[in-house]
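Student: First the structure, which I've put down as structure tokens, then a few questions once you've had a look.
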Amino acid sequence: ATYYDKASHTFSEYLLVPGYSSAECIPSNVDLKTPLVKFRRGEKSAITLNIPLVSALMQSVSGEKMAEALAREGGLSFIYCSQSVEEEAAMVARVKAFKAGFVSSDANIRPDQTMADVQALKAQTGHSTIAVTDDGSPNGRLLGVVTSRDYRPSRMEPTVRVSTFMTPFERLIYGRDGITLSEANDIIWEHKLNALPIIDAKGNMRGFVFRKDYDSHKENPHELLDKSKRYVVGAGINTRDYEKRVPALVEAGADVLCIDSSEGFTEWQQRTLGWIRSAYGDSVKVGAGNVVDRDGFRFLAECGADFVKVGIGGGSICITRETKGIGRGQATAVIEVAKARNEYFEETGIYIPICSDGGLVHDYHMTLALAMGADFLMLGRYFARFDESPSQKVNINGNYLKEYWGEGSPRARNWQRYDMGGSDKLSFAEGVDSYVPYAGSLKDNMGLSLAKVRSTMCNCGAVSIRELQEKARLTLVSSTSIVEGGAHDVILKDTHNTQIK
Ligand code: MZP
């Protein structure tokens with residue numbers, strides 16, 4: 001046997017030592033953007049998150065409501081795969097119901113089009129032409145072109161007169177599938193919007209084009225754009241039925257996949273990643289895991305993973321360590337895998353983001369995990385407490401709680417997650433069924449958590465995650481200094497509530 005000389009540690013055994021903060025280093029300047037999938041040196045990740053939080057691939061956490069709410073705040077959910085292929089794909093499709101990228105019924109949209117092409121088209125056809133860009137400005141990325149031909153004016157009558165709205169460089173607000181033209185017109189009238197509905201060749205309503213001058217109108221256009229954009233969503237897969245599940249999820253519009261497994265250093269994951277690469281090349285993004293050391297990371301990196309998930313046995317509902325005696329302190333696992341990620345980047349020029357999965361208890365653990373090298377964080381218990389999680393809210397002895405159960409619990413019976421090539425059932429539990437205190441809405445709670453993260457980053461002199469990872473100074477703490485870190489030697493007047501309303 002090989003023995004490690006040093007103990008493995010959890011997040012609670014570390015503290016950040018503050019560094020110099022300049023006057024620029026204020027929470028409002030902190031940028032929490034982070035890469036989700038691998039990229040080459042000098043290039044950008046194909047998917048970037050605006051905040052480094054993703055919700056766990058779990059029945060009690062990541063349904064469609066969670067996916068929409070978290071994506072709206074800049075994070076991402078991975079829809080759980082412990083359900084049938086059809087059910088999971090339908091969930092993904094519902095999250096993606098806001099269609100993006102569609103502009104008109106004509107083939108005027110090409111990825112390589114420029115504004116000059118738009119002007120040329122206008123001159124050539126004589127049609128009134130609107131260039132639609134992703135941020136609504138002439139400098140934004142061109143999504144497509146709408147010309148007057150596409151509007152089918154007759155369908156707009158009597159509420160919209162097409163010619164009224166033909167000014168260049170306006171904004172497209174995507175419509176939700178299923179909305180009818182008359183409903184669209186009702187919205188326009190109700191909110192007094194200077195807008196034009198867009199319909200596709202089949203007559204389906206696909207979005208609105210707005211004039212630039214909305215300021216004079218009641219509705220805040222930015223709010224309307226954040227509400228109606230197409231959400232980014234991930235989805236879980238397993239190492240058994242991937243040949244059926246992956247095509248269904250890709251077809252449903254999943255932006256990224258992740259192999260859901262308690263142990264990623266296996267031939268099963270190699271086969272799954274190999275199959276995806278041979279079927280789809282690099283076009284399908286897929287993360288793998290979980291691993292807790294350098295060897296596990298390198299194995300999955302070489303198998304073609306787009307990101308690698310770190311953590312075994314640290315989840316709040318997890319009893320894997322008690323049941324099987326495997327795992328590693330989460331902080332130590334993240335630190336070692338982050339080193340391996342950096343080493344791999346130096347050698348190959350390929351940066352593979354890593355995700356710290358499970359075991360984050362306090363908000364400050366988020367900052368610690370990022371400082372230790374995690375690119376983003378996966379949380380289950382944290383999200384299960386919110387209105388948006390799919391589980392039941394119950395009142396027990398006057399306290400509101402939400403149910404939260406592990407994927408390895410007898411309730412979820414996600415045997416594929418624990419599959420080591422045995423039979424297709426869960427032979428023993430590795431997770432528990434539990435309650436967590438109900439906490440309210442995702443937006444409010446996450447806003448508070450991220451305010452703490454931003455503030456701590458400023459204490460470390462960092463305004464980006466990359467800078468935090470470079471500058472952070474971390475110290476192990478003794479058990480007595482952990483006691484010193486809380487309120488101590490005083491008689492508390494109130495419950496220990498630090499939230500300021
Ligand atoms: P936490 O955020 O609740 O501490 O941990 C969530 C993570 O625990 C999940 O993302 C997953 O990796 C892991 N998990 C889910 N179910 C089980 C189980 O039943 C589990 N053992 O360990």
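Identifiers for the structure tokens are assigned positionally: chains receive A, B, ... in sequence, residues are indexed from 1 per chain, and ligands are indexed from 1 in the order shown.
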Any chance you could tabulate, as a Markdown table, the residues of segment 448-469 of chain A at most 7 Å from segment 2-20 of chain A with each one's nearest atom pair and distance in Å to one decimal, using only C-alpha atoms, in chain and rising number order?

Tutor:
| residue | atom | partner | partner_atom | distance |
| --- | --- | --- | --- | --- |
| A:Asn459 | CA | A:Pro18 | CA | 5.3 |
| A:Cys460 | CA | A:Gly19 | CA | 4.5 |
| A:Gly461 | CA | A:Tyr20 | CA | 5.4 |

Student: Which residues of chain A come within 6 Å of ligand 1, and for each one, what is the closest pair of atoms and their distance in Å to one decimal, counting only C-alpha atoms and all ligand atoms, sorted by chain and residue number, as JSON lines?

Tutor:
{"residue": "A:Ala56", "atom": "CA", "partner": "ligand 1", "partner_atom_place_in_ligand_line": "10 (O)", "distance": 4.2}
{"residue": "A:Leu57", "atom": "CA", "partner": "ligand 1", "partner_atom_place_in_ligand_line": "10 (O)", "distance": 6.0}
{"residue": "A:Gly313", "atom": "CA", "partner": "ligand 1", "partner_atom_place_in_ligand_line": "22 (O)", "distance": 5.8}
{"residue": "A:Gly315", "atom": "CA", "partner": "ligand 1", "partner_atom_place_in_ligand_line": "5 (O)", "distance": 3.4}
{"residue": "A:Ser316", "atom": "CA", "partner": "ligand 1", "partner_atom_place_in_ligand_line": "4 (O)", "distance": 3.8}
{"residue": "A:Ile317", "atom": "CA", "partner": "ligand 1", "partner_atom_place_in_ligand_line": "18 (C)", "distance": 5.7}
{"residue": "A:Cys318", "atom": "CA", "partner": "ligand 1", "partner_atom_place_in_ligand_line": "21 (N)", "distance": 3.6}
{"residue": "A:Ile319", "atom": "CA", "partner": "ligand 1", "partner_atom_place_in_ligand_line": "21 (N)", "distance": 5.8}
{"residue": "A:Asp357", "atom": "CA", "partner": "ligand 1", "partner_atom_place_in_ligand_line": "10 (O)", "distance": 5.3}
{"residue": "A:Gly358", "atom": "CA", "partner": "ligand 1", "partner_atom_place_in_ligand_line": "5 (O)", "distance": 3.4}
{"residue": "A:Gly359", "atom": "CA", "partner": "ligand 1", "partner_atom_place_in_ligand_line": "4 (O)", "distance": 3.7}
{"residue": "A:Leu360", "atom": "CA", "partner": "ligand 1", "partner_atom_place_in_ligand_line": "4 (O)", "distance": 5.5}
{"residue": "A:Met378", "atom": "CA", "partner": "ligand 1", "partner_atom_place_in_ligand_line": "10 (O)", "distance": 5.7}
{"residue": "A:Leu379", "atom": "CA", "partner": "ligand 1", "partner_atom_place_in_ligand_line": "2 (O)", "distance": 3.7}
{"residue": "A:Gly380", "atom": "CA", "partner": "ligand 1", "partner_atom_place_in_ligand_line": "2 (O)", "distance": 3.6}
{"residue": "A:Arg381", "atom": "CA", "partner": "ligand 1", "partner_atom_place_in_ligand_line": "3 (O)", "distance": 3.7}
{"residue": "A:Gly406", "atom": "CA", "partner": "ligand 1", "partner_atom_place_in_ligand_line": "19 (O)", "distance": 3.2}
{"residue": "A:Glu407", "atom": "CA", "partner": "ligand 1", "partner_atom_place_in_ligand_line": "16 (N)", "distance": 3.8}
{"residue": "A:Gly408", "atom": "CA", "partner": "ligand 1", "partner_atom_place_in_ligand_line": "19 (O)", "distance": 3.3}
{"residue": "A:Ser409", "atom": "CA", "partner": "ligand 1", "partner_atom_place_in_ligand_line": "19 (O)", "distance": 5.0}
{"residue": "A:Glu430", "atom": "CA", "partner": "ligand 1", "partner_atom_place_in_ligand_line": "21 (N)", "distance": 4.6}
{"residue": "A:Gly431", "atom": "CA", "partner": "ligand 1", "partner_atom_place_in_ligand_line": "19 (O)", "distance": 3.2}

Student: Determine which residues of segment 397-430 of chain A DSSP labels as helix (DSSP H, G or I) from the backbone of this structure, then write them out as an NGL selection string.

Tutor: :A and (415-418)

Student: Store the residues picked out above in a file with C-alpha atoms, as a tab-separated table (two decimals), in the first residue's frame.

Tutor:
chain	number	residue	atom	x	y	z
A	415	TRP	CA	-27.73	2.96	-9.19
A	416	GLN	CA	-25.96	4.13	-12.37
A	417	ARG	CA	-24.14	6.78	-10.32
A	418	TYR	CA	-22.55	4.04	-8.22

Student: Taking into account only C-alpha atoms, which residue in the set A:Gly440, A:Ser261, A:Gly274, A:Gln469 is nearest to Ala338 of chain A?

Tutor: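 Among the listed residues, the smallest separation from Ala338 of chain A belongs to A:Gln469.
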
Student: Can you pull out the residues contacting Arg454 of chain A? Cut-off 9 Å, using only C-alpha atoms, and skip same-chain residues under 5 positions away; I want them as JSON, numbers by chain.

Tutor: {"A": [26, 27, 28, 29, 30, 31, 32, 367, 449, 459, 462, 463]}

Student: Which one is closest to Leu36 of chain A: A:Ala374, A:Leu273, A:Ala301, A:Ala333? Count only C-alpha atoms.

Tutor: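 For Leu36 of chain A, the nearest of the candidates is A:Ala374.
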
Student: Could you tell me, as JSON, numbers by chain, which residues of segment 237-479 of chain A DSSP assigns to strand (DSSP E) when given the backbone?

Tutor: {"A": [237, 256, 257, 258, 259, 286, 287, 288, 289, 290, 291, 307, 308, 309, 310, 350, 351, 354, 355, 356, 357, 376, 377, 378, 379, 393, 394, 395, 396, 399, 400, 401, 402, 403, 404, 405, 433, 434, 435, 436, 437, 474, 475, 476]}

Student: Using only C-alpha atoms, which residue out of A:Gly327, A:Thr34, A:Asp444, A:Arg271 lies closest to Ala305 of chain A?

Tutor: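 Smallest distance to Ala305 of chain A is found for A:Arg271.
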
Student: Need the shell around Ser77 of chain A: protein/DNA/RNA residues with any atom at most 8 Å away, counting only C-alpha atoms. Skip same-chain ones fewer than 2 positions apart. Format as a PyMOL selection string?

Tutor: chain A and resi 54-57+62+66-67+70-71+75+79+233-235

Student: Could you please take those selected residues and save N, CA and C atoms as a PDB file, in the first residue's frame?

Tutor:
ATOM      1  N   VAL A  54     -22.980  26.175  -9.843  1.00  0.00           N
ATOM      2  CA  VAL A  54     -23.870  25.290 -10.593  1.00  0.00           C
ATOM      3  C   VAL A  54     -24.614  24.407  -9.597  1.00  0.00           C
ATOM      4  N   SER A  55     -25.831  24.002  -9.971  1.00  0.00           N
ATOM      5  CA  SER A  55     -26.597  23.184  -9.034  1.00  0.00           C
ATOM      6  C   SER A  55     -26.426  21.705  -9.359  1.00  0.00           C
ATOM      7  N   ALA A  56     -26.478  20.908  -8.285  1.00  0.00           N
ATOM      8  CA  ALA A  56     -26.116  19.486  -8.378  1.00  0.00           C
ATOM      9  C   ALA A  56     -27.101  18.674  -9.209  1.00  0.00           C
ATOM     10  N   LEU A  57     -26.541  17.640  -9.826  1.00  0.00           N
ATOM     11  CA  LEU A  57     -27.315  16.694 -10.631  1.00  0.00           C
ATOM     12  C   LEU A  57     -28.129  15.809  -9.690  1.00  0.00           C
ATOM     13  N   SER A  62     -32.132  19.857  -8.978  1.00  0.00           N
ATOM     14  CA  SER A  62     -32.090  20.481 -10.309  1.00  0.00           C
ATOM     15  C   SER A  62     -33.207  20.051 -11.241  1.00  0.00           C
ATOM     16  N   MET A  66     -35.451  25.347 -11.066  1.00  0.00           N
ATOM     17  CA  MET A  66     -34.115  25.710 -10.584  1.00  0.00           C
ATOM     18  C   MET A  66     -33.248  26.146 -11.767  1.00  0.00           C
ATOM     19  N   ALA A  67     -33.346  25.387 -12.867  1.00  0.00           N
ATOM     20  CA  ALA A  67     -32.503  25.679 -14.026  1.00  0.00           C
ATOM     21  C   ALA A  67     -32.769  27.090 -14.550  1.00  0.00           C
ATOM     22  N   LEU A  70     -31.558  29.800 -11.829  1.00  0.00           N
ATOM     23  CA  LEU A  70     -30.099  29.908 -11.685  1.00  0.00           C
ATOM     24  C   LEU A  70     -29.470  30.486 -12.954  1.00  0.00           C
ATOM     25  N   ALA A  71     -29.966  30.064 -14.113  1.00  0.00           N
ATOM     26  CA  ALA A  71     -29.432  30.605 -15.367  1.00  0.00           C
ATOM     27  C   ALA A  71     -29.691  32.108 -15.437  1.00  0.00           C
ATOM     28  N   GLY A  75     -25.693  31.566 -13.410  1.00  0.00           N
ATOM     29  CA  GLY A  75     -25.117  30.247 -13.132  1.00  0.00           C
ATOM     30  C   GLY A  75     -25.719  29.202 -14.060  1.00  0.00           C
ATOM     31  N   ILE A  79     -29.575  19.286 -15.094  1.00  0.00           N
ATOM     32  CA  ILE A  79     -30.800  18.502 -14.872  1.00  0.00           C
ATOM     33  C   ILE A  79     -30.392  17.058 -14.542  1.00  0.00           C
ATOM     34  N   VAL A 233     -28.428  25.575 -20.120  1.00  0.00           N
ATOM     35  CA  VAL A 233     -28.742  24.482 -19.192  1.00  0.00           C
ATOM     36  C   VAL A 233     -27.853  23.271 -19.456  1.00  0.00           C
ATOM     37  N   GLY A 234     -27.506  22.586 -18.371  1.00  0.00           N
ATOM     38  CA  GLY A 234     -26.715  21.370 -18.482  1.00  0.00           C
ATOM     39  C   GLY A 234     -27.581  20.158 -18.180  1.00  0.00           C
ATOM     40  N   ALA A 235     -27.038  18.972 -18.461  1.00  0.00           N
ATOM     41  CA  ALA A 235     -27.806  17.756 -18.199  1.00  0.00           C
ATOM     42  C   ALA A 235     -26.868  16.612 -17.859  1.00  0.00           C
TER      43      ALA A 235
END

Student: Just how far from atom CA of Val256 of chain A is atom CA of Ala369 of chain A, in Å to one decimal?

Tutor: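 According to the coordinates, atom CA of Ala369 of chain A and atom CA of Val256 of chain A are separated by 22.4 Å.
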